[in-house]
Each structure stands twice: as C-alpha cells, then as structure tokens.
Amino acid sequence: MAALITGAGGGIGLYMAKKLSDTGYDIIITGRNEERLKALSAELKTKTKIIPADLSKKEECIRLYNETKWNNVEILINNAGFGEFAAFSEGDLENELNMIDLNIKAVHILMKLFLEDFVKKDSGYILNVGSLAAFPPGPMMATYYGTKSYVYKLTLSVREELRRSGSRVYCGVLCPGPVATGFNSRAGVKFATKGIDPKYCGEYAIEKMFKKKAVIIPGKTEKLLPFLIHLTPVSLQAAACFEFQKKKDGK
C-alpha cells in the first residue's frame, strides 16, 4: 500500500512522509522542489516515488492522479499550500489567485478523484491540511484564512456524507496553529508566538488519522481556540485577530 503526500519537500509533509514510511507504507511524494524530494527519499525506509509537480495548475493535479492511481494508494494527504501577509487591498492579485489554486483547487481535485476510488473499494484515508485559521476571520491574511475555511468545511461535509452512506473511508482535517516551517518566510511574516515543532505536528497528525479523528489540532492550548471562537461574536473575533496580526512583521 502507498501514501501520497503533497508538499512533502519540507515542514509537516516531510515528517508525515517519514512517519508513514516507518509504519511500512510505500511513499509517493510531490512538490515543486525536486532536490528536496530527492533528499527526503534518501531518508525513507520504504519504496519511494518522486513526482515533481506544480499543483496550482489543474492539469498537474490530474497528471499526478493519473500517474499514481495504479500504485495502490491507500492514503492521500493534501498538505501543499502557502499564505501571504498583507491587507487585502494591497496584496498581489496573481499571488492570491495562485494561493487559491493551490490551497483550494488542488485539494478539491485530488480529494474528489481519489475519493471516487476509495469509495469503490470501501477503504482509504484522506487527510487535508487546514489550519486554526479556518475558524476566525483573518484580517491581514484574508485570502489564506478563506482558503483554510474552505478546506475545513469541505472536509467535514464530505466526512458526514461518508458516514451517512456507511462508508469505511476516512476523511479528516489537520488544523495546527503556527508551525516552525518555511511557510513563515513565504508568507512574509514572523509569528508573534513560537511555532510548534513540525516533527511533532506531522507525527501527531498521522497518529490521530489512524484513530479516525475528524479534526486534528496539535497542542493543548491550540485545542481551546475553536471552542473560544464559537463563544465570541464574529465582530470581536475579527478585531482580536487584527490586533494579533499587527504583532507580526510583514513584508
């Protein structure tokens, strides 16, 4: 059996690939940086397939599916994504559209294609990487927060459909807070709080995935945030988030 991990060249994806390889799964890794993928491949214990791809492009997502659908894929992890720190009126439109293509469209396409196969065989795992950003409004990172809200709601909606149909296919979403990865530099931001260790986050995610947890939130403090948000008026959520974002160093 094989596990396909997107955005596996570093951060959470890298450690999820290692954890799954240690568990005995063959690994299929994809991303834009082929050298990073080769370096990761050399560290894995099981058979590894490298497929360089730019998943912000629809045709690349479909190519990835077509090149892997015969590899007995049992696990799909949609991990690729990025963010940007800027007021919506000042952000770069092309960068925002690219973010939507990668954070939303790629997740949607791969999830749909593989889910059809998983449902037919009545087995498989789909883990989508969201964020705590899925829960509140996100001024100064509005597009990113919007994309993660989509991933969160799509995942839980499909999960309920699967439950209602009696399917044994798993569908869950990982919602970490800030993680110490390359995400920060690409987003042009320095988080006000120290990010959690990506190794801990990746390994925790895989452990909870196998336990079929719906929403996976690493960290004790982070687990409280969705609960507190639901108790807070949305206007206050937006104001508090804006104040928190001001503590970050933008571009």
# chains A, B, ... in the order shown; residues from 1 in each chain; ligands from 1
>>> residues_around(residues="region 90-105 of chain A", least_positions_apart="5", cutoff="10 Å", atoms="only C-alpha atoms", output="ChimeraX atom specification")
/A:54-58,61,78-85,110-111,129-130,140-144,146-151,154
>>> closest_atom_pairs(of="region 162-228 of chain A", to="region 12-23 of chain A", cutoff="12 Å", atoms="only C-alpha atoms", output="tab-separated table")
residue	atom	partner	partner_atom	distance
A:Leu174	CA	A:Ile12	CA	10.6
A:Cys175	CA	A:Ile12	CA	11.8
A:Pro176	CA	A:Ile12	CA	10.0
A:Pro178	CA	A:Ile12	CA	11.4
A:Val179	CA	A:Ile12	CA	8.2
A:Ala180	CA	A:Ile12	CA	9.2
A:Thr181	CA	A:Ile12	CA	7.7
A:Gly182	CA	A:Ile12	CA	10.0
A:Phe183	CA	A:Ile12	CA	10.2
A:Gly195	CA	A:Ile12	CA	12.0
A:Ile196	CA	A:Ile12	CA	10.4
A:Asp197	CA	A:Ile12	CA	8.8
A:Pro198	CA	A:Ile12	CA	5.0
A:Lys199	CA	A:Tyr15	CA	5.4
A:Tyr200	CA	A:Tyr15	CA	8.3
A:Cys201	CA	A:Ile12	CA	6.5
A:Gly202	CA	A:Met16	CA	4.7
A:Glu203	CA	A:Met16	CA	5.9
A:Tyr204	CA	A:Met16	CA	8.9
A:Ala205	CA	A:Met16	CA	7.6
A:Ile206	CA	A:Met16	CA	6.6
A:Glu207	CA	A:Lys19	CA	9.1
A:Lys208	CA	A:Met16	CA	11.8
A:Met209	CA	A:Met16	CA	10.9
A:Phe210	CA	A:Leu20	CA	10.7
A:Pro218	CA	A:Ile12	CA	11.8
>>> atom_distance(atom1="CA of Ala238 (chain A)", atom2="CA of Lys194 (chain A)")
21.8 Å
>>> atom_distance(atom1="CA of Ala87 (chain A)", atom2="CA of Gly177 (chain A)")
20.7 Å
>>> select_by_dssp(residues="region 32-205 of chain A", states="strand (DSSP E)", output="number ranges by chain")
A: 48-52, 73-78, 125-129, 170-174
>>> residues_around(residues="Val169 (chain A)", least_positions_apart="3", cutoff="10 Å", atoms="only C-alpha atoms", output="list in words")
Glu74, Leu115, Phe118, Val119, Lys120, Lys121, Asp122, Ser123, Gly124, Tyr125, Ile126, Arg159, Leu162, Arg163, Gly166 and Lys212 of chain A
>>> write_last_selection(atoms="C-alpha atoms", output="short mmCIF file (atom, residue, chain, number, x, y, z; two decimals), in the first residue's frame")
data_model
loop_
_atom_site.label_atom_id
_atom_site.label_comp_id
_atom_site.auth_asym_id
_atom_site.auth_seq_id
_atom_site.Cartn_x
_atom_site.Cartn_y
_atom_site.Cartn_z
CA GLU A 74 -4.43 3.96 0.45
CA LEU A 115 -12.30 9.63 -3.05
CA PHE A 118 -11.63 4.88 -2.18
CA VAL A 119 -15.43 4.70 -2.08
CA LYS A 120 -15.45 1.94 -4.71
CA LYS A 121 -13.09 -0.22 -2.66
CA ASP A 122 -14.59 0.99 0.65
CA SER A 123 -11.24 1.79 2.23
CA GLY A 124 -8.70 4.59 2.36
CA TYR A 125 -7.67 7.71 4.25
CA ILE A 126 -7.86 11.33 3.17
CA ARG A 159 -16.98 13.17 6.14
CA LEU A 162 -19.39 9.13 4.02
CA ARG A 163 -20.77 8.41 7.48
CA GLY A 166 -21.94 3.66 5.78
CA LYS A 212 -10.04 8.41 12.54
#
>>> closest_residue(among="A:Gly31, A:Gly172, A:Gly7, A:Pro136", to="Thr232 (chain A)", atoms="only C-alpha atoms")
A:Pro136
